[in-house]
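Reviewing the structure listed below.
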Amino acid sequence: MATKTKDRAETSAAPAKAVNGTAPLPEAKLKQIYSTMLKCRTMEEKIRILFKQGRFSGNYYAAVGQEATEVGCAIDLRPSDTIAPSHRDFIANLIKGTPLNLMISQIYARKTSPDQGRSSPAHCGYAPLNIITPASTIAAQLNIGTGVALAYKMQKKDDIVMAFSGEGSTSLGFWHEAVNFAGVHNLPIVYVIQNNLWAESVSVKLQTKVEDLSIKAQGYGIPGITVDGNDAVAVYRVASEAIHRARTGGGPTLIECKTYRWYGHSEIDPAKYRDPAEVEYWKSKDPIPFMENYLAKYKLWSDDFKAQILESFQKELDAAIEFAEKAPYAEPEEALDHVYSFSIRDRELNRKTWTPTVLQK
Amino acid sequence: MPLITYIDAINTALNEEMKRDEKVFIIGEDVGVMGGAFKATKGLIEEFGPDRVIDSPLAEGVIVSSSIGAAMAGMRPVPEIQFVDFVTPAMDAITQQAAKLRYRSAGTQTCPITLRICYGGGVAGGLYHSQTNTTWFAHEPGLRVIAPSTPYDAKGMLKAAIRDDNPVIYFEHKKLYRSIKEEVPSEDYTVSLDKAVVRREGSDMTAVSYGYTMQLMLQAADKMKSEHGINVECIDLRTLNPIDHDTILNSVAKTNRVVLVQEDHRTLGISSEISAVIAEQAFECLDAPILRVTAPDIPAIPFAPTLEKFYMPTVEKIQAAMERCAQY
């Protein structure tokens, strides 16, 4: 059941030898994890600039600082696996492979976005890759994802669901109903709590009395583990085990990744409720340089390697921004579409007037 | 054709749909080994097994949200809420997820669930086993909300709902379960989810209701004919969202008088909406004020028999309104 936090030394000391009985990670996988984290960071920092420049309206919920968690968990998911994202999981799309043009169209609320401009900018889903389109109500996708896992089990598929939530969501009754249900039915789902210590302005200390949120797994009879969420390799190892368990009929796992949200809840939140020393401490634990040092130790990283990734991704990103900025908004009446499987346009737009039958004759 | 009750009609529809489509499954409290609090799912776990008739944990939220997710992944769930009084923990799932998933994904992600909800008073159920609350759901674009009033419709509309690609809230009044019988075809049929139906033709007045009170309305209309010679046209709404305006407006154009009947309390009920539609689109057709027969605006149905009777629409209350309407 729930185990104690694994520290970095324990989980990712060296890729050359097995850790906790697991095989060392292949070089290509390590590089893929790193390059994906770097792309996520680059994209989100760019989106933040675009917002501050007023190039898109609404808001954005950056996961900057949490990339190791998201990438380490989701990098190995298949297209047919489902991701149930929270509001801070825009980067899940990048990891799973949603086309960048569509993602940036989402930021700009254009017709070309997966939801054709309906949701707010960070709420990006993508049906072809089974990413549930987010609602803002907390733990909503986690609950729906639990149902997707029920269907996978009924359909005897070996697909799984990965459901992301923040530590704040664990205070909701809904969250517990879902995890309990998954335990009862041994569903193929991995619950990932990204504990970034703050739910908007509320400290985790005001959400729960427990130190490690993974202990909540005990209440539902499923395995729970807490991991250093800024150590991508450690996260990857823990997630791989949980994914394997889910895929092979072993049921759900609850993973808590301890990490940190560098910026405010959203781009309009200066996050003055946090101690600057706390922010600095966590920035010193930036998962990206950590991964660089790790790779460099095994001669898998160089400035050139990083520059190449950035150069090619910057081009893709710039092209996607140009695509989105040139893309049209939906026509006003399209607000009436996709309410039901049938159109309501006629009903809404053409209201007839009735006259008494006796006068019609 | 066999003569069957409303609850038999539901049970038969579920059985037939589960045989027809292996994607159909049932989930809810006590729906399995007990066969449902009212026995609507009786015998189904024996026939289809516990993987397709799931006795859920006592948690309405996950009954509905797990159904939404399973529907998204290709299943056809038929979750049950035992009493509408207990639906509130599932309201996020119903209103924020089921009603909005298609919309927020621009039609790329959908959840064809049929949520059966038992509702209604007049059974000495007290505050928390008698509520109606149909209006909560009819107010949500994205949900189809239906309330069949006869065994024939109960079966045909349930089958249509399960096959429909939209989330459907299926309201079944507990007082209808065993109070009426009707000849219902054994063969497969469905009933439209889009159309109200004229149950009784008439030229002097239009009356509109749904569910249990539709049956009371018919009785009141019969008395209007036998006692006063007044022909009341009775419309069974059947679908509470989206409402079939045309059937109502065509009738009002003919009769020029309207009485609306609902068991839900008065303010912002289904009758309020129908009144507004008539006022907007058929103002010239009216010879008398629109009258409503509803429950009073109190929080729920009180238990004591005197209090419950005061709450419920009755044949007498409906007839009194029809008389007032005719006399105007």
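Scheme for the structure tokens: letters A, B, ... for chains in order shown; per-chain residue numbers from 1; ligand numbers from 1 in order shown.
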Using only C-alpha atoms, find which residues of chain A lie within 9 Å of chain B and jot them down as a PyMOL selection string.
chain A and resi 114-119+124-128+132-135+137+140-141+143-152+154-155+173-174+177-178+180-181+184+337-341+351-358
Would you export the selected residues with C-alpha atoms as a compact mmCIF listing (two decimals), in the first residue's frame, please?
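Saved file out33.txt follows:
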```txt
# COMPACT_ATOMS: atom_id res chain seq x y z
CA PRO A 114 -10.51 21.23 -31.30
CA ASP A 115 -13.59 22.80 -29.67
CA GLN A 116 -14.02 25.52 -32.32
CA GLY A 117 -13.57 28.31 -29.82
CA ARG A 118 -15.93 27.20 -27.09
CA SER A 119 -13.75 26.61 -24.03
CA CYS A 124 -7.79 21.76 -24.67
CA GLY A 125 -9.07 18.27 -25.37
CA TYR A 126 -8.51 16.21 -28.47
CA ALA A 127 -10.82 13.35 -29.33
CA PRO A 128 -8.58 11.54 -31.87
CA ILE A 132 -11.02 14.52 -22.53
CA THR A 133 -12.04 18.12 -23.18
CA PRO A 134 -11.75 19.78 -19.78
CA ALA A 135 -14.44 21.48 -17.76
CA THR A 137 -15.18 22.11 -12.31
CA ALA A 140 -14.62 16.51 -13.41
CA GLN A 141 -12.39 14.81 -15.95
CA ASN A 143 -14.61 11.30 -12.69
CA ILE A 144 -15.39 10.85 -16.35
CA GLY A 145 -12.03 9.15 -16.84
CA THR A 146 -13.04 6.61 -14.23
CA GLY A 147 -16.03 5.76 -16.43
CA VAL A 148 -13.80 5.45 -19.48
CA ALA A 149 -11.74 2.95 -17.50
CA LEU A 150 -14.95 1.05 -16.67
CA ALA A 151 -15.72 0.84 -20.40
CA TYR A 152 -12.18 -0.34 -21.20
CA MET A 154 -15.99 -4.11 -19.97
CA GLN A 155 -14.68 -4.07 -23.53
CA GLY A 173 -16.27 14.30 -2.42
CA PHE A 174 -16.39 13.56 -6.13
CA GLU A 177 -16.28 8.60 -5.10
CA ALA A 178 -14.24 8.01 -8.24
CA ASN A 180 -13.28 4.31 -4.38
CA PHE A 181 -15.26 3.05 -7.39
CA VAL A 184 -14.05 -1.71 -6.11
CA ASP A 337 -24.21 24.05 -32.92
CA HIS A 338 -23.31 20.85 -31.08
CA VAL A 339 -25.88 21.26 -28.33
CA TYR A 340 -27.53 18.00 -29.40
CA SER A 341 -26.97 15.48 -32.14
CA ARG A 351 -39.79 31.67 -34.15
CA LYS A 352 -43.15 31.71 -35.89
CA THR A 353 -46.28 33.50 -34.79
CA TRP A 354 -49.60 31.65 -34.53
CA THR A 355 -52.96 33.22 -35.32
CA PRO A 356 -56.35 31.87 -34.26
CA THR A 357 -57.52 29.04 -36.49
CA VAL A 358 -60.94 30.68 -36.93
```
For Met37 of chain A: contacts at 12 Å, only C-alpha atoms, fewer than 3 positions along chain excluded, given as an NGL selection string:
:A and (30-34 or 40-44 or 63-75 or 91-92 or 94-95 or 230-233 or 286-292 or 306 or 309-310 or 313)
I need the strand (DSSP E) residues of segment 42-123 of chain B per DSSP on the backbone, written as number ranges by chain.
B: 53-55, 76-81, 114-119
Counting only C-alpha atoms, which residue out of B:Glu273, B:Asp222, B:Asp194, B:Glu80 sits closest to Thr114 of chain B?
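Closest to Thr114 of chain B of all the choices is B:Glu80.
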Skipping near chain neighbours, those fewer than 5 positions away, what residues fall within 12 Å of Ala246 of chain A using only C-alpha atoms, listed as a ChimeraX atom specification?
/A:77,81,149-150,152-153,157-162,182-183,185-191,222-223,239-241,251-254
Store the residues picked out above, limited to N, CA and C atoms, as a PDB file, in the first residue's frame.
```
ATOM      1  N   LEU A  77       2.152   6.859 -22.908  1.00  0.00           N
ATOM      2  CA  LEU A  77       0.764   6.473 -23.183  1.00  0.00           C
ATOM      3  C   LEU A  77       0.560   6.237 -24.677  1.00  0.00           C
ATOM      4  N   ASP A  81      -4.996   5.150 -25.281  1.00  0.00           N
ATOM      5  CA  ASP A  81      -5.182   5.422 -23.853  1.00  0.00           C
ATOM      6  C   ASP A  81      -5.843   6.792 -23.699  1.00  0.00           C
ATOM      7  N   ALA A 149     -12.444   4.156 -17.951  1.00  0.00           N
ATOM      8  CA  ALA A 149     -11.742   2.947 -17.495  1.00  0.00           C
ATOM      9  C   ALA A 149     -12.717   1.786 -17.295  1.00  0.00           C
ATOM     10  N   LEU A 150     -13.917   2.091 -16.810  1.00  0.00           N
ATOM     11  CA  LEU A 150     -14.946   1.049 -16.671  1.00  0.00           C
ATOM     12  C   LEU A 150     -15.271   0.453 -18.042  1.00  0.00           C
ATOM     13  N   TYR A 152     -13.329   0.439 -20.722  1.00  0.00           N
ATOM     14  CA  TYR A 152     -12.175  -0.344 -21.197  1.00  0.00           C
ATOM     15  C   TYR A 152     -12.187  -1.745 -20.589  1.00  0.00           C
ATOM     16  N   LYS A 153     -12.521  -1.795 -19.322  1.00  0.00           N
ATOM     17  CA  LYS A 153     -12.563  -3.107 -18.663  1.00  0.00           C
ATOM     18  C   LYS A 153     -13.688  -3.960 -19.246  1.00  0.00           C
ATOM     19  N   LYS A 157     -10.400  -4.364 -23.248  1.00  0.00           N
ATOM     20  CA  LYS A 157      -9.272  -3.724 -23.924  1.00  0.00           C
ATOM     21  C   LYS A 157      -8.097  -3.646 -22.959  1.00  0.00           C
ATOM     22  N   ASP A 158      -6.893  -3.485 -23.496  1.00  0.00           N
ATOM     23  CA  ASP A 158      -5.776  -3.249 -22.576  1.00  0.00           C
ATOM     24  C   ASP A 158      -5.354  -1.779 -22.591  1.00  0.00           C
ATOM     25  N   ASP A 159      -6.284  -0.912 -22.980  1.00  0.00           N
ATOM     26  CA  ASP A 159      -6.035   0.526 -22.865  1.00  0.00           C
ATOM     27  C   ASP A 159      -6.240   0.954 -21.411  1.00  0.00           C
ATOM     28  N   ILE A 160      -5.618   2.063 -21.067  1.00  0.00           N
ATOM     29  CA  ILE A 160      -5.751   2.559 -19.690  1.00  0.00           C
ATOM     30  C   ILE A 160      -6.119   4.043 -19.692  1.00  0.00           C
ATOM     31  N   VAL A 161      -6.444   4.532 -18.518  1.00  0.00           N
ATOM     32  CA  VAL A 161      -6.748   5.953 -18.344  1.00  0.00           C
ATOM     33  C   VAL A 161      -5.744   6.552 -17.374  1.00  0.00           C
ATOM     34  N   MET A 162      -5.265   7.742 -17.705  1.00  0.00           N
ATOM     35  CA  MET A 162      -4.450   8.487 -16.738  1.00  0.00           C
ATOM     36  C   MET A 162      -5.205   9.758 -16.380  1.00  0.00           C
ATOM     37  N   ALA A 182     -13.136   2.978  -8.562  1.00  0.00           N
ATOM     38  CA  ALA A 182     -12.070   2.327  -9.343  1.00  0.00           C
ATOM     39  C   ALA A 182     -11.462   1.172  -8.560  1.00  0.00           C
ATOM     40  N   GLY A 183     -11.359   1.363  -7.239  1.00  0.00           N
ATOM     41  CA  GLY A 183     -10.836   0.287  -6.405  1.00  0.00           C
ATOM     42  C   GLY A 183     -11.771  -0.903  -6.374  1.00  0.00           C
ATOM     43  N   HIS A 185     -13.914  -1.871  -8.528  1.00  0.00           N
ATOM     44  CA  HIS A 185     -14.001  -2.580  -9.815  1.00  0.00           C
ATOM     45  C   HIS A 185     -12.641  -2.825 -10.446  1.00  0.00           C
ATOM     46  N   ASN A 186     -11.575  -2.540  -9.705  1.00  0.00           N
ATOM     47  CA  ASN A 186     -10.227  -2.853 -10.186  1.00  0.00           C
ATOM     48  C   ASN A 186      -9.997  -2.275 -11.586  1.00  0.00           C
ATOM     49  N   LEU A 187     -10.290  -0.998 -11.742  1.00  0.00           N
ATOM     50  CA  LEU A 187     -10.287  -0.398 -13.078  1.00  0.00           C
ATOM     51  C   LEU A 187      -8.879  -0.052 -13.557  1.00  0.00           C
ATOM     52  N   PRO A 188      -8.688  -0.071 -14.878  1.00  0.00           N
ATOM     53  CA  PRO A 188      -7.381   0.261 -15.455  1.00  0.00           C
ATOM     54  C   PRO A 188      -7.139   1.765 -15.513  1.00  0.00           C
ATOM     55  N   ILE A 189      -6.808   2.333 -14.393  1.00  0.00           N
ATOM     56  CA  ILE A 189      -6.643   3.795 -14.325  1.00  0.00           C
ATOM     57  C   ILE A 189      -5.492   4.149 -13.394  1.00  0.00           C
ATOM     58  N   VAL A 190      -4.793   5.194 -13.734  1.00  0.00           N
ATOM     59  CA  VAL A 190      -3.716   5.725 -12.892  1.00  0.00           C
ATOM     60  C   VAL A 190      -4.111   7.145 -12.492  1.00  0.00           C
ATOM     61  N   TYR A 191      -4.284   7.353 -11.207  1.00  0.00           N
ATOM     62  CA  TYR A 191      -4.596   8.688 -10.700  1.00  0.00           C
ATOM     63  C   TYR A 191      -3.303   9.397 -10.334  1.00  0.00           C
ATOM     64  N   ILE A 222      -6.062   0.438  -2.704  1.00  0.00           N
ATOM     65  CA  ILE A 222      -5.238   0.406  -3.920  1.00  0.00           C
ATOM     66  C   ILE A 222      -3.824   0.879  -3.582  1.00  0.00           C
ATOM     67  N   PRO A 223      -2.838   0.548  -4.418  1.00  0.00           N
ATOM     68  CA  PRO A 223      -1.479   1.014  -4.140  1.00  0.00           C
ATOM     69  C   PRO A 223      -1.368   2.526  -4.283  1.00  0.00           C
ATOM     70  N   ALA A 239       5.450   5.787 -12.696  1.00  0.00           N
ATOM     71  CA  ALA A 239       4.301   5.767 -13.610  1.00  0.00           C
ATOM     72  C   ALA A 239       4.309   4.491 -14.452  1.00  0.00           C
ATOM     73  N   SER A 240       5.501   4.076 -14.885  1.00  0.00           N
ATOM     74  CA  SER A 240       5.584   2.866 -15.727  1.00  0.00           C
ATOM     75  C   SER A 240       5.028   1.658 -14.991  1.00  0.00           C
ATOM     76  N   GLU A 241       5.394   1.578 -13.726  1.00  0.00           N
ATOM     77  CA  GLU A 241       4.902   0.458 -12.927  1.00  0.00           C
ATOM     78  C   GLU A 241       3.372   0.515 -12.806  1.00  0.00           C
ATOM     79  N   GLY A 251      -5.345  -3.239 -11.740  1.00  0.00           N
ATOM     80  CA  GLY A 251      -6.168  -2.204 -11.122  1.00  0.00           C
ATOM     81  C   GLY A 251      -5.491  -0.858 -10.991  1.00  0.00           C
ATOM     82  N   PRO A 252      -6.164   0.034 -10.265  1.00  0.00           N
ATOM     83  CA  PRO A 252      -5.718   1.424 -10.188  1.00  0.00           C
ATOM     84  C   PRO A 252      -4.539   1.659  -9.249  1.00  0.00           C
ATOM     85  N   THR A 253      -3.863   2.759  -9.481  1.00  0.00           N
ATOM     86  CA  THR A 253      -2.778   3.214  -8.609  1.00  0.00           C
ATOM     87  C   THR A 253      -2.949   4.704  -8.380  1.00  0.00           C
ATOM     88  N   LEU A 254      -2.615   5.141  -7.192  1.00  0.00           N
ATOM     89  CA  LEU A 254      -2.624   6.574  -6.878  1.00  0.00           C
ATOM     90  C   LEU A 254      -1.180   7.045  -6.730  1.00  0.00           C
TER      91      LEU A 254
END
```
Which residue is closest to Gly120 of chain B? Choose from B:Asn15, B:Gln327, B:Asn133, B:Thr190 and count only C-alpha atoms.
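Looking at the shortest contact to Gly120 of chain B, the residue is B:Asn133.
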From a DSSP calculation on the backbone, collect every residue of segment 305-334 of chain A in alpha helix (DSSP H) and output the set as a VMD selection string.
chain A and resid 305 to 326
Okay, now the selection with N, CA and C atoms, as a short mmCIF file (atom, residue, chain, number, x, y, z; two decimals), in the first residue's frame?
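Output file result_26.cif follows:
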```cif
data_model
loop_
_atom_site.label_atom_id
_atom_site.label_comp_id
_atom_site.auth_asym_id
_atom_site.auth_seq_id
_atom_site.Cartn_x
_atom_site.Cartn_y
_atom_site.Cartn_z
N PHE A 305 22.92 19.89 -28.24
CA PHE A 305 21.72 19.03 -28.23
C PHE A 305 20.50 19.86 -27.85
N LYS A 306 20.66 20.64 -26.79
CA LYS A 306 19.57 21.50 -26.34
C LYS A 306 19.21 22.53 -27.41
N ALA A 307 20.23 23.14 -27.99
CA ALA A 307 20.00 24.20 -28.99
C ALA A 307 19.25 23.63 -30.20
N GLN A 308 19.60 22.41 -30.57
CA GLN A 308 18.92 21.79 -31.72
C GLN A 308 17.43 21.59 -31.44
N ILE A 309 17.17 21.08 -30.25
CA ILE A 309 15.74 20.86 -29.88
C ILE A 309 14.99 22.18 -29.93
N LEU A 310 15.61 23.19 -29.30
CA LEU A 310 14.92 24.48 -29.21
C LEU A 310 14.73 25.11 -30.57
N GLU A 311 15.77 25.02 -31.42
CA GLU A 311 15.69 25.68 -32.71
C GLU A 311 14.54 25.10 -33.54
N SER A 312 14.50 23.79 -33.57
CA SER A 312 13.45 23.19 -34.40
C SER A 312 12.07 23.40 -33.79
N PHE A 313 11.97 23.35 -32.47
CA PHE A 313 10.66 23.53 -31.85
C PHE A 313 10.17 24.98 -31.96
N GLN A 314 11.13 25.91 -31.82
CA GLN A 314 10.74 27.33 -31.96
C GLN A 314 10.10 27.58 -33.31
N LYS A 315 10.66 26.96 -34.33
CA LYS A 315 10.11 27.14 -35.68
C LYS A 315 8.68 26.60 -35.76
N GLU A 316 8.51 25.40 -35.21
CA GLU A 316 7.16 24.79 -35.19
C GLU A 316 6.18 25.69 -34.44
N LEU A 317 6.63 26.19 -33.30
CA LEU A 317 5.77 27.00 -32.45
C LEU A 317 5.41 28.31 -33.13
N ASP A 318 6.40 28.95 -33.73
CA ASP A 318 6.14 30.21 -34.43
C ASP A 318 5.16 29.99 -35.57
N ALA A 319 5.34 28.88 -36.27
CA ALA A 319 4.43 28.58 -37.39
C ALA A 319 3.02 28.35 -36.86
N ALA A 320 2.90 27.68 -35.70
CA ALA A 320 1.58 27.41 -35.12
C ALA A 320 0.92 28.71 -34.66
N ILE A 321 1.72 29.61 -34.10
CA ILE A 321 1.18 30.91 -33.67
C ILE A 321 0.68 31.70 -34.88
N GLU A 322 1.46 31.66 -35.95
CA GLU A 322 1.05 32.36 -37.17
C GLU A 322 -0.25 31.73 -37.72
N PHE A 323 -0.27 30.41 -37.71
CA PHE A 323 -1.48 29.70 -38.17
C PHE A 323 -2.70 30.14 -37.38
N ALA A 324 -2.54 30.15 -36.05
CA ALA A 324 -3.68 30.47 -35.18
C ALA A 324 -4.10 31.93 -35.34
N GLU A 325 -3.12 32.82 -35.43
CA GLU A 325 -3.46 34.25 -35.53
C GLU A 325 -4.17 34.57 -36.84
N LYS A 326 -3.89 33.77 -37.86
CA LYS A 326 -4.56 34.00 -39.14
C LYS A 326 -5.88 33.26 -39.26
#
```
Have a look at atom CA of Ala234 of chain A and atom CA of Glu267 of chain A and let me know their distance in Å, one decimal.
29.5 Å
Would you list the contacts of Leu336 of chain A as JSON, numbers by chain, taking every protein, DNA or RNA residue within 9 Å and counting only C-alpha atoms, but skipping same-chain residues closer than 5 positions in sequence?
{"A": [343, 344, 345, 348]}
Export N, CA and C atoms of the chosen residues as a PDB file, in the first residue's frame?
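Done, and the output landed in result21.pdb:
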```
ATOM      1  N   SER A 343     -29.770  19.684 -35.016  1.00  0.00           N
ATOM      2  CA  SER A 343     -29.575  21.135 -35.009  1.00  0.00           C
ATOM      3  C   SER A 343     -30.716  21.845 -34.277  1.00  0.00           C
ATOM      4  N   ILE A 344     -30.389  22.898 -33.557  1.00  0.00           N
ATOM      5  CA  ILE A 344     -31.427  23.721 -32.927  1.00  0.00           C
ATOM      6  C   ILE A 344     -31.509  25.086 -33.609  1.00  0.00           C
ATOM      7  N   ARG A 345     -30.800  25.238 -34.715  1.00  0.00           N
ATOM      8  CA  ARG A 345     -30.769  26.556 -35.361  1.00  0.00           C
ATOM      9  C   ARG A 345     -32.157  27.046 -35.745  1.00  0.00           C
ATOM     10  N   GLU A 348     -34.164  28.104 -32.775  1.00  0.00           N
ATOM     11  CA  GLU A 348     -33.698  29.325 -32.112  1.00  0.00           C
ATOM     12  C   GLU A 348     -33.845  30.569 -32.994  1.00  0.00           C
TER      13      GLU A 348
END
```
Give me, as a ChimeraX atom specification, all polymer residues having an atom no more than 8 Å from segment 56-58 of chain A, counting only C-alpha atoms and skipping those fewer than 6 positions away in the same chain.
/A:50,107-108,120-121
Please produce a file of those selected residues containing C-alpha atoms, as a short mmCIF file (atom, residue, chain, number, x, y, z; two decimals), in the first residue's frame.
```cif
data_model
loop_
_atom_site.label_atom_id
_atom_site.label_comp_id
_atom_site.auth_asym_id
_atom_site.auth_seq_id
_atom_site.Cartn_x
_atom_site.Cartn_y
_atom_site.Cartn_z
CA LEU A 50 1.55 36.16 -25.80
CA ILE A 107 -5.20 29.50 -27.04
CA TYR A 108 -6.58 31.93 -29.61
CA SER A 120 -11.33 28.98 -22.43
CA PRO A 121 -7.76 28.95 -23.75
#
```
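We find atom CA of Val191 of chain B and atom CA of Leu349 of chain A to be spaced 27.0 Å apart.
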Nearest to Cys325 of chain B among B:Ile81, B:Leu176, B:Met205, B:Val198, with distances taken over only C-alpha atoms: which residue is it?
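Looking only at the distances to Cys325 of chain B, the closest residue turns out to be B:Met205.
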Out of B:Glu182, B:Asp264, B:Glu227, B:Glu308, which residue has the shortest atom-to-atom distance to Leu3 of chain B when counting only C-alpha atoms?
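Looking at the shortest contact to Leu3 of chain B, the residue is B:Glu182.
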Please identify all polymer residues within 7 Å of Glu263 of chain B, counting only C-alpha atoms, omitting same-chain residues fewer than 2 positions from it, and present them as a PyMOL selection string.
chain B and resi 132+213+265+294-295+312-313
Written selection (N, CA and C atoms) as a PDB file, in the first residue's frame:
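What ended up in selection-v5.pdb:
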```
ATOM      1  N   THR B 132     -40.194  16.236  -7.085  1.00  0.00           N
ATOM      2  CA  THR B 132     -40.417  16.187  -8.538  1.00  0.00           C
ATOM      3  C   THR B 132     -39.173  16.674  -9.283  1.00  0.00           C
ATOM      4  N   THR B 213     -49.490  13.653 -13.533  1.00  0.00           N
ATOM      5  CA  THR B 213     -50.593  14.622 -13.582  1.00  0.00           C
ATOM      6  C   THR B 213     -51.268  14.645 -14.946  1.00  0.00           C
ATOM      7  N   HIS B 265     -43.349  22.496  -8.178  1.00  0.00           N
ATOM      8  CA  HIS B 265     -43.871  23.742  -7.631  1.00  0.00           C
ATOM      9  C   HIS B 265     -43.865  24.837  -8.690  1.00  0.00           C
ATOM     10  N   THR B 294     -50.475  24.006 -10.228  1.00  0.00           N
ATOM     11  CA  THR B 294     -49.145  23.528  -9.829  1.00  0.00           C
ATOM     12  C   THR B 294     -49.136  23.266  -8.336  1.00  0.00           C
ATOM     13  N   ALA B 295     -48.050  22.683  -7.874  1.00  0.00           N
ATOM     14  CA  ALA B 295     -47.824  22.633  -6.432  1.00  0.00           C
ATOM     15  C   ALA B 295     -47.434  24.038  -5.964  1.00  0.00           C
ATOM     16  N   MET B 312     -50.361  18.369  -3.613  1.00  0.00           N
ATOM     17  CA  MET B 312     -50.499  17.698  -4.905  1.00  0.00           C
ATOM     18  C   MET B 312     -51.620  18.298  -5.764  1.00  0.00           C
ATOM     19  N   PRO B 313     -51.356  18.435  -7.070  1.00  0.00           N
ATOM     20  CA  PRO B 313     -52.470  18.686  -7.982  1.00  0.00           C
ATOM     21  C   PRO B 313     -53.423  17.499  -7.926  1.00  0.00           C
TER      22      PRO B 313
END
```
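Note that the spacing between atom CA of Lys317 of chain B and atom CA of Arg200 of chain B amounts to 19.1 Å.
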Please provide as a list in words all residues within 10 Å of Arg274 of chain A, with the sequence filter that same-chain residues fewer than 6 positions apart are discarded (counting only C-alpha atoms).
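With the cut-off at 10 Å, the set is Trp198, Ser201, Val202, Ser203 and Gly264 of chain A.
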